[in-house]
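Okay, so here's the structure we're looking at.
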Amino acid sequence: MILIVEKPHDLPGLTGTKMGPTGWVKVEQDRVDQFATCTGDHQWIHVDVERAKAGPFGGTIAHGYLTMSMINLFLPELVEVRGFAHAVNVGLDRLRFLAPVVVGSRVRAVSEIISAEEIKGAIQSVVRVTIEIEGSDKPALVADTISRYFPES
C-alpha cells in the first residue's frame with residue numbers, strides 16, 4: 001500500500017516508516033537490450049543470450065544500473081508526497097549491488113524513510129530502497145535515494 005504524505009513538512013515525523021512491497025515486475029531481455037542501446041553497454045553477459053547460457057549465471061543478467069534505474073519505476077508505488085511547488089532528485093548514497101538479476105526473474109521494491117530534515121528552505125528526505133528478487137535470499141540492490149521538496153509559495 002502506498003504511503004500518502006500530505007506535505008513535505010510531515011516527512012520528519014515519518015522516519016522509520018516502512019513501505020511496500022510493490023508489485024512484481026518481470027525483467028525481460030527486451031528491457032535489457034533497450035537499456036544496452038541507450039547506454040552503449042553491450043557487454044555479452046547482458047545481451048548475448050547464447051553465450052550467456054554458458055556463463056556464470058546460466059543466462060543473461062540485467063545491468064546493475066538498469067536495476068538501479070527501476071527505483072524510479074517503483075517509488076510511485078511506495079510513497080506519494082503532496083503539497084510542494086517542485087522537487088528535485090539530489091542523488092543516491094550507499095548504493096550496493098548485492099545479487100545479479102537473471103533475465104526472466106521478477107523484482108519488486110520495499111523501502112523505509114531513513115531521515116528527513118529541513119535544508120536550504122526545503123525538506124530533504126532519504127528513503128532506503130531495496131529491490132528484491134523473487135525466490136532469492138539476497139536483494140538485487142539497496143540504495144538510499146535523496147529527494148528535496150520545495151514548499152508551495
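Going through the C-alpha cells in order, the chains are called A, B, and so on, while each chain numbers its residues from 1 and the ligands are numbered from 1 in the order shown.
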Inset, instruction - Do a neighbour search on His63 (chain A) at 9 Å with only C-alpha atoms, toss out local chain neighbours closer than 6 positions, and write the hits as an MDAnalysis selection string. - result: chainID A and resid 32 35:36 41 45:46 100:101
If you keep C-alpha atoms, can you produce a file of those selected residues as a PDB file, in the first residue's frame?
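Okay, this is what ended up in result.pdb:
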```
ATOM      1  CA  VAL A  32      17.877  -5.237 -21.069  1.00  0.00           C
ATOM      2  CA  PHE A  35      18.986  -0.315 -21.839  1.00  0.00           C
ATOM      3  CA  ALA A  36      22.119  -1.544 -23.635  1.00  0.00           C
ATOM      4  CA  ASP A  41      26.835  -1.086 -22.716  1.00  0.00           C
ATOM      5  CA  ILE A  45      26.660 -11.046 -20.158  1.00  0.00           C
ATOM      6  CA  HIS A  46      23.692  -8.707 -20.771  1.00  0.00           C
ATOM      7  CA  PRO A 100      22.514 -10.294 -10.178  1.00  0.00           C
ATOM      8  CA  VAL A 101      19.065 -10.149 -11.753  1.00  0.00           C
TER       9      VAL A 101
END
```
Would you tabulate, counting only C-alpha atoms, all residues of region 83-116 of chain A that have an atom at most 6 Å from an atom of region 126-143 of chain A, showing the closest pair of atoms and their distance in Å to one decimal, sorted by chain then ascending number, as JSON lines?
```
{"residue": "A:Arg94", "atom": "CA", "partner": "A:Ala143", "partner_atom": "CA", "distance": 5.6}
{"residue": "A:Leu95", "atom": "CA", "partner": "A:Ala143", "partner_atom": "CA", "distance": 4.2}
{"residue": "A:Arg96", "atom": "CA", "partner": "A:Val142", "partner_atom": "CA", "distance": 5.4}
{"residue": "A:Phe97", "atom": "CA", "partner": "A:Leu141", "partner_atom": "CA", "distance": 4.4}
{"residue": "A:Leu98", "atom": "CA", "partner": "A:Ala140", "partner_atom": "CA", "distance": 5.2}
{"residue": "A:Ala99", "atom": "CA", "partner": "A:Ala140", "partner_atom": "CA", "distance": 4.5}
{"residue": "A:Pro100", "atom": "CA", "partner": "A:Ala140", "partner_atom": "CA", "distance": 6.0}
{"residue": "A:Arg106", "atom": "CA", "partner": "A:Glu134", "partner_atom": "CA", "distance": 5.6}
{"residue": "A:Val107", "atom": "CA", "partner": "A:Ile133", "partner_atom": "CA", "distance": 4.6}
{"residue": "A:Arg108", "atom": "CA", "partner": "A:Glu132", "partner_atom": "CA", "distance": 5.4}
{"residue": "A:Ala109", "atom": "CA", "partner": "A:Ile131", "partner_atom": "CA", "distance": 4.4}
{"residue": "A:Val110", "atom": "CA", "partner": "A:Thr130", "partner_atom": "CA", "distance": 5.4}
{"residue": "A:Ser111", "atom": "CA", "partner": "A:Val129", "partner_atom": "CA", "distance": 4.4}
{"residue": "A:Glu112", "atom": "CA", "partner": "A:Arg128", "partner_atom": "CA", "distance": 5.3}
{"residue": "A:Ile113", "atom": "CA", "partner": "A:Val127", "partner_atom": "CA", "distance": 4.5}
{"residue": "A:Ile114", "atom": "CA", "partner": "A:Val126", "partner_atom": "CA", "distance": 5.4}
{"residue": "A:Ser115", "atom": "CA", "partner": "A:Val126", "partner_atom": "CA", "distance": 5.2}
```
Using the selection just defined, write its residues with N, CA and C atoms as a PDB file, in the first residue's frame.
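Output file part_38.pdb follows:
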```pdb
ATOM      1  N   ARG A  94      25.125   5.276  -0.736  1.00  0.00           N
ATOM      2  CA  ARG A  94      25.234   3.892  -0.291  1.00  0.00           C
ATOM      3  C   ARG A  94      24.592   2.888  -1.243  1.00  0.00           C
ATOM      4  N   LEU A  95      24.771   3.080  -2.518  1.00  0.00           N
ATOM      5  CA  LEU A  95      24.250   2.118  -3.491  1.00  0.00           C
ATOM      6  C   LEU A  95      25.116   0.867  -3.476  1.00  0.00           C
ATOM      7  N   ARG A  96      24.467  -0.297  -3.317  1.00  0.00           N
ATOM      8  CA  ARG A  96      25.173  -1.568  -3.328  1.00  0.00           C
ATOM      9  C   ARG A  96      24.412  -2.563  -4.200  1.00  0.00           C
ATOM     10  N   PHE A  97      25.139  -3.185  -5.136  1.00  0.00           N
ATOM     11  CA  PHE A  97      24.584  -4.270  -5.940  1.00  0.00           C
ATOM     12  C   PHE A  97      24.942  -5.567  -5.227  1.00  0.00           C
ATOM     13  N   LEU A  98      23.947  -6.302  -4.775  1.00  0.00           N
ATOM     14  CA  LEU A  98      24.190  -7.476  -3.939  1.00  0.00           C
ATOM     15  C   LEU A  98      23.993  -8.808  -4.640  1.00  0.00           C
ATOM     16  N   ALA A  99      23.146  -8.839  -5.667  1.00  0.00           N
ATOM     17  CA  ALA A  99      22.909 -10.081  -6.408  1.00  0.00           C
ATOM     18  C   ALA A  99      22.493  -9.731  -7.830  1.00  0.00           C
ATOM     19  N   PRO A 100      22.903 -10.555  -8.796  1.00  0.00           N
ATOM     20  CA  PRO A 100      22.514 -10.294 -10.178  1.00  0.00           C
ATOM     21  C   PRO A 100      21.037 -10.619 -10.413  1.00  0.00           C
ATOM     22  N   ARG A 106      11.694 -11.960 -11.581  1.00  0.00           N
ATOM     23  CA  ARG A 106      10.790 -10.878 -11.185  1.00  0.00           C
ATOM     24  C   ARG A 106      11.399 -10.143  -9.996  1.00  0.00           C
ATOM     25  N   VAL A 107      11.243  -8.824 -10.022  1.00  0.00           N
ATOM     26  CA  VAL A 107      11.758  -7.977  -8.949  1.00  0.00           C
ATOM     27  C   VAL A 107      10.640  -7.090  -8.420  1.00  0.00           C
ATOM     28  N   ARG A 108      10.821  -6.632  -7.180  1.00  0.00           N
ATOM     29  CA  ARG A 108       9.903  -5.686  -6.565  1.00  0.00           C
ATOM     30  C   ARG A 108      10.717  -4.869  -5.568  1.00  0.00           C
ATOM     31  N   ALA A 109      10.077  -3.857  -4.981  1.00  0.00           N
ATOM     32  CA  ALA A 109      10.797  -2.988  -4.047  1.00  0.00           C
ATOM     33  C   ALA A 109      10.056  -2.845  -2.725  1.00  0.00           C
ATOM     34  N   VAL A 110      10.848  -2.662  -1.690  1.00  0.00           N
ATOM     35  CA  VAL A 110      10.377  -2.226  -0.377  1.00  0.00           C
ATOM     36  C   VAL A 110      11.242  -1.029  -0.006  1.00  0.00           C
ATOM     37  N   SER A 111      10.756  -0.217   0.933  1.00  0.00           N
ATOM     38  CA  SER A 111      11.538   0.967   1.288  1.00  0.00           C
ATOM     39  C   SER A 111      11.276   1.381   2.727  1.00  0.00           C
ATOM     40  N   GLU A 112      12.109   2.304   3.180  1.00  0.00           N
ATOM     41  CA  GLU A 112      11.990   2.854   4.528  1.00  0.00           C
ATOM     42  C   GLU A 112      12.482   4.292   4.512  1.00  0.00           C
ATOM     43  N   ILE A 113      11.761   5.172   5.198  1.00  0.00           N
ATOM     44  CA  ILE A 113      12.210   6.552   5.341  1.00  0.00           C
ATOM     45  C   ILE A 113      13.317   6.560   6.399  1.00  0.00           C
ATOM     46  N   ILE A 114      14.522   6.879   5.982  1.00  0.00           N
ATOM     47  CA  ILE A 114      15.690   6.857   6.863  1.00  0.00           C
ATOM     48  C   ILE A 114      15.828   8.179   7.616  1.00  0.00           C
ATOM     49  N   SER A 115      15.578   9.290   6.912  1.00  0.00           N
ATOM     50  CA  SER A 115      15.673  10.605   7.561  1.00  0.00           C
ATOM     51  C   SER A 115      14.919  11.633   6.736  1.00  0.00           C
TER      52      SER A 115
END
```
DSSP-assigned helix (DSSP H, G or I) among region 2-150 of chain A, expressed as number ranges by chain
A: 8-14, 29-39, 44-47, 49-53, 64-69, 71-78
Who sits within 6 Å of Ala116 (chain A), only C-alpha atoms, same chain under 3 positions skipped, as a PyMOL selection string: chain A and resi 11-12+124-125
As a ChimeraX atom specification, please: all residues of chain A that backbone DSSP puts in strand (DSSP E). /A:3-5,18-19,25-26,79-81,84-97,106-119,122-133,141-151
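Closest approach to Asp33 (chain A) among A:Asn72, A:Ile2, A:Gly58, A:Val103 is made by A:Val103 (distances from only C-alpha atoms).
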**Asked** Which distance in Å separates CA of Thr60 (chain A) and CA of Phe74 (chain A), to one decimal?
**Response**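 According to the coordinates, CA of Thr60 (chain A) and CA of Phe74 (chain A) are separated by 22.6 Å.
Separating CA of Val88 (chain A) from CA of His9 (chain A) is a distance of 15.7 Å.
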Shortest contact to Val79 (chain A), candidates A:Gly13, A:Glu152, A:Pro21, A:Glu117, atoms counted only C-alpha atoms, goes to A:Pro21
